[in-house]
file input31.pdb (PDB, C-alpha atoms)
ATOM      1  CA  LYS D 374       8.544   8.442   6.628  1.00  0.00           C
ATOM      2  CA  PHE D 375       7.713   6.865   3.255  1.00  0.00           C
ATOM      3  CA  ARG D 376       4.693   4.633   3.793  1.00  0.00           C
ATOM      4  CA  THR D 377       1.212   3.934   2.554  1.00  0.00           C
ATOM      5  CA  THR D 378      -0.274   3.825   6.061  1.00  0.00           C
ATOM      6  CA  PRO D 379      -1.754   6.837   7.881  1.00  0.00           C
ATOM      7  CA  ALA D 380       0.506   9.049  10.006  1.00  0.00           C
ATOM      8  CA  GLY D 381       1.153   7.402  13.366  1.00  0.00           C
ATOM      9  CA  ASP D 382       0.619   3.867  12.044  1.00  0.00           C
ATOM     10  CA  LEU D 383       3.431   1.424  11.430  1.00  0.00           C
ATOM     11  CA  PRO D 384       4.574   1.008   7.840  1.00  0.00           C
ATOM     12  CA  LEU D 385       3.700  -2.163   5.960  1.00  0.00           C
ATOM     13  CA  ASP D 386       6.425  -4.648   5.064  1.00  0.00           C
ATOM     14  CA  GLU D 387       5.937  -3.552   1.450  1.00  0.00           C
ATOM     15  CA  ASP D 388       6.690   0.066   2.435  1.00  0.00           C
ATOM     16  CA  ILE D 389       9.931  -0.912   4.150  1.00  0.00           C
ATOM     17  CA  LEU D 390      10.869  -3.180   1.251  1.00  0.00           C
ATOM     18  CA  GLY D 391      10.253  -0.318  -1.172  1.00  0.00           C
ATOM     19  CA  SER D 392      12.594   1.971   0.774  1.00  0.00           C
ATOM     20  CA  ILE D 393      15.293  -0.693   0.809  1.00  0.00           C
ATOM     21  CA  THR D 394      14.799  -1.569  -2.847  1.00  0.00           C
ATOM     22  CA  HIS D 395      14.593   1.958  -4.270  1.00  0.00           C
ATOM     23  CA  GLY D 396      16.515   3.903  -1.628  1.00  0.00           C
ATOM     24  CA  MET D 397      15.495   7.381  -0.536  1.00  0.00           C
ATOM     25  CA  PRO D 398      16.335  10.048  -3.092  1.00  0.00           C
ATOM     26  CA  GLY D 399      17.823  13.162  -1.542  1.00  0.00           C
ATOM     27  CA  THR D 400      19.287  11.198   1.370  1.00  0.00           C
ATOM     28  CA  SER D 401      22.322   8.997   1.845  1.00  0.00           C
ATOM     29  CA  MET D 402      20.119   5.859   1.621  1.00  0.00           C
ATOM     30  CA  PRO D 403      21.059   4.095  -1.633  1.00  0.00           C
ATOM     31  CA  ALA D 404      18.914   1.693  -3.632  1.00  0.00           C
ATOM     32  CA  TRP D 405      19.792  -1.937  -2.853  1.00  0.00           C
ATOM     33  CA  GLU D 406      17.893  -3.618  -5.686  1.00  0.00           C
ATOM     34  CA  SER D 407      21.033  -4.307  -7.724  1.00  0.00           C
ATOM     35  CA  ARG D 408      23.157  -5.259  -4.695  1.00  0.00           C
ATOM     36  CA  LEU D 409      20.862  -7.571  -2.717  1.00  0.00           C
ATOM     37  CA  SER D 410      18.597 -10.350  -3.932  1.00  0.00           C
ATOM     38  CA  GLU D 411      14.872 -10.116  -3.237  1.00  0.00           C
ATOM     39  CA  ASN D 412      15.196 -12.755  -0.495  1.00  0.00           C
ATOM     40  CA  GLU D 413      18.012 -10.777   1.128  1.00  0.00           C
ATOM     41  CA  ARG D 414      15.936  -7.595   1.039  1.00  0.00           C
ATOM     42  CA  LEU D 415      12.920  -9.431   2.536  1.00  0.00           C
ATOM     43  CA  SER D 416      15.163 -10.801   5.287  1.00  0.00           C
ATOM     44  CA  LEU D 417      16.409  -7.283   5.936  1.00  0.00           C
ATOM     45  CA  VAL D 418      12.815  -6.087   6.417  1.00  0.00           C
ATOM     46  CA  SER D 419      12.323  -8.675   9.184  1.00  0.00           C
ATOM     47  CA  TYR D 420      15.685  -7.833  10.720  1.00  0.00           C
ATOM     48  CA  LEU D 421      14.950  -4.098  10.824  1.00  0.00           C
ATOM     49  CA  LYS D 422      11.512  -4.653  12.363  1.00  0.00           C
ATOM     50  CA  ALA D 423      13.187  -6.537  15.230  1.00  0.00           C
ATOM     51  CA  PHE D 424      14.650  -3.218  16.421  1.00  0.00           C
ATOM     52  CA  CYS D 425      11.186  -1.729  17.053  1.00  0.00           C
ATOM     53  CA  GLU D 426       9.041  -3.288  19.799  1.00  0.00           C
ATOM     54  CA  ASP D 427       5.890  -1.843  18.212  1.00  0.00           C
ATOM     55  CA  PHE D 428       6.118  -4.431  15.436  1.00  0.00           C
ATOM     56  CA  SER D 429       6.020  -7.303  17.945  1.00  0.00           C
ATOM     57  CA  SER D 430       2.335  -6.654  18.647  1.00  0.00           C
ATOM     58  CA  VAL D 431       1.424  -6.761  14.951  1.00  0.00           C
ATOM     59  CA  LYS D 432       1.179 -10.109  13.253  1.00  0.00           C
ATOM     60  CA  LYS D 433       1.069 -10.531   9.500  1.00  0.00           C
ATOM     61  CA  GLY D 434      -2.514 -11.105   8.515  1.00  0.00           C
ATOM     62  CA  ASP D 435      -4.032  -9.031  11.329  1.00  0.00           C
ATOM     63  CA  LEU D 436      -7.281  -7.592  10.078  1.00  0.00           C
ATOM     64  CA  VAL D 437      -8.001  -3.904  10.214  1.00  0.00           C
ATOM     65  CA  GLY D 438     -11.587  -2.986  10.998  1.00  0.00           C
ATOM     66  CA  VAL D 439     -13.156  -1.069   8.146  1.00  0.00           C
ATOM     67  CA  GLU D 440     -16.836  -0.305   8.040  1.00  0.00           C
ATOM     68  CA  VAL D 441     -18.229  -1.206   4.658  1.00  0.00           C
ATOM     69  CA  GLN D 442     -21.721  -0.304   3.614  1.00  0.00           C
ATOM     70  CA  ALA D 443     -23.191  -2.005   0.582  1.00  0.00           C
ATOM     71  CA  PRO D 444     -24.578   0.403  -2.022  1.00  0.00           C
ATOM     72  CA  SER D 445     -28.343   0.709  -2.159  1.00  0.00           C
ATOM     73  CA  GLN D 446     -30.304  -0.221  -5.261  1.00  0.00           C
ATOM     74  CA  GLN D 447     -30.780   3.504  -5.883  1.00  0.00           C
ATOM     75  CA  ASP D 448     -26.981   4.047  -5.714  1.00  0.00           C
ATOM     76  CA  ILE D 449     -26.446   1.253  -8.235  1.00  0.00           C
ATOM     77  CA  SER D 450     -29.054   2.721 -10.577  1.00  0.00           C
ATOM     78  CA  ASN D 451     -27.418   6.156 -10.292  1.00  0.00           C
ATOM     79  CA  PHE D 452     -23.962   4.680 -11.053  1.00  0.00           C
ATOM     80  CA  GLN D 453     -25.340   2.813 -14.055  1.00  0.00           C
ATOM     81  CA  GLN D 454     -27.092   5.913 -15.407  1.00  0.00           C
ATOM     82  CA  ARG D 455     -23.961   8.038 -14.953  1.00  0.00           C
ATOM     83  CA  GLY D 456     -21.879   5.338 -16.680  1.00  0.00           C
ATOM     84  CA  LYS D 457     -24.272   5.321 -19.662  1.00  0.00           C
ATOM     85  CA  GLU D 458     -24.038   9.117 -19.899  1.00  0.00           C
ATOM     86  CA  ILE D 459     -20.240   9.080 -19.855  1.00  0.00           C
ATOM     87  CA  TYR D 460     -20.075   6.245 -22.395  1.00  0.00           C
ATOM     88  CA  THR D 461     -22.485   8.043 -24.751  1.00  0.00           C
ATOM     89  CA  LYS D 462     -20.571  11.316 -24.397  1.00  0.00           C
ATOM     90  CA  MET D 463     -17.157   9.712 -25.027  1.00  0.00           C
ATOM     91  CA  LYS D 464     -18.350   7.644 -28.002  1.00  0.00           C
ATOM     92  CA  LEU D 465     -18.958  10.738 -30.150  1.00  0.00           C
TER
END

call {"tool": "encode", "arguments": {"input": "input31.pdb", "output": "structure tokens"}}
result
Amino acid sequence: KFRTTPAGDLPLDEDILGSITHGMPGTSMPAWESRLSENERLSLVSYLKAFCEDFSSVKKGDLVGVEVQAPSQQDISNFQQRGKEIYTKMKL
């Protein structure tokens, strides 16, 4: 429910750790930061993931395909010009 990944995707370990560490306000899930060490909370993340078979197909370090297009020289020139305009305007 509380994750940084898109809907339908599995949460990251960091998302699960955040829920354990900070709890879930408005629910009965308390924050465990003061009760469990960081290592204990990290171990709990692994333990909880063992209950969901979907995590077994995901290995830490799996790459996600993202199409990246380098900016053109014209894009760079436009960014630089816009940056100069903003700098000049803010310098007053």

call {"tool": "closest_residue", "arguments": {"input": "input31.pdb", "among": "D:Leu390, D:Cys425, D:Leu385, D:Met397", "to": "Leu409 of chain D", "atoms": "only C-alpha atoms"}}
result
D:Leu390

call {"tool": "residues_around", "arguments": {"input": "input31.pdb", "residues": "Tyr420 of chain D", "least_positions_apart": "5", "cutoff": "12 Å", "atoms": "all atoms listed in the file", "output": "list in words"}}
result
Asp386, Ile389, Leu390, Glu413, Arg414, Leu415, Cys425 and Phe428 of chain D

call {"tool": "resolve_selection", "arguments": {"input": "input31.pdb", "expression": "the PyMOL selection byres ((chain D and resi 379-383) around 12)", "output": "PDB file with C-alpha atoms, in the coordinates of the input"}}
result
ATOM      1  CA  LYS D 374       8.544   8.442   6.628  1.00  0.00           C
ATOM      2  CA  PHE D 375       7.713   6.865   3.255  1.00  0.00           C
ATOM      3  CA  ARG D 376       4.693   4.633   3.793  1.00  0.00           C
ATOM      4  CA  THR D 377       1.212   3.934   2.554  1.00  0.00           C
ATOM      5  CA  THR D 378      -0.274   3.825   6.061  1.00  0.00           C
ATOM      6  CA  PRO D 384       4.574   1.008   7.840  1.00  0.00           C
ATOM      7  CA  LEU D 385       3.700  -2.163   5.960  1.00  0.00           C
ATOM      8  CA  ASP D 386       6.425  -4.648   5.064  1.00  0.00           C
ATOM      9  CA  GLU D 387       5.937  -3.552   1.450  1.00  0.00           C
ATOM     10  CA  ASP D 388       6.690   0.066   2.435  1.00  0.00           C
ATOM     11  CA  ILE D 389       9.931  -0.912   4.150  1.00  0.00           C
ATOM     12  CA  LYS D 422      11.512  -4.653  12.363  1.00  0.00           C
ATOM     13  CA  CYS D 425      11.186  -1.729  17.053  1.00  0.00           C
ATOM     14  CA  GLU D 426       9.041  -3.288  19.799  1.00  0.00           C
ATOM     15  CA  ASP D 427       5.890  -1.843  18.212  1.00  0.00           C
ATOM     16  CA  PHE D 428       6.118  -4.431  15.436  1.00  0.00           C
ATOM     17  CA  SER D 429       6.020  -7.303  17.945  1.00  0.00           C
ATOM     18  CA  SER D 430       2.335  -6.654  18.647  1.00  0.00           C
ATOM     19  CA  VAL D 431       1.424  -6.761  14.951  1.00  0.00           C
ATOM     20  CA  LYS D 432       1.179 -10.109  13.253  1.00  0.00           C
ATOM     21  CA  VAL D 437      -8.001  -3.904  10.214  1.00  0.00           C
TER      22      VAL D 437
END
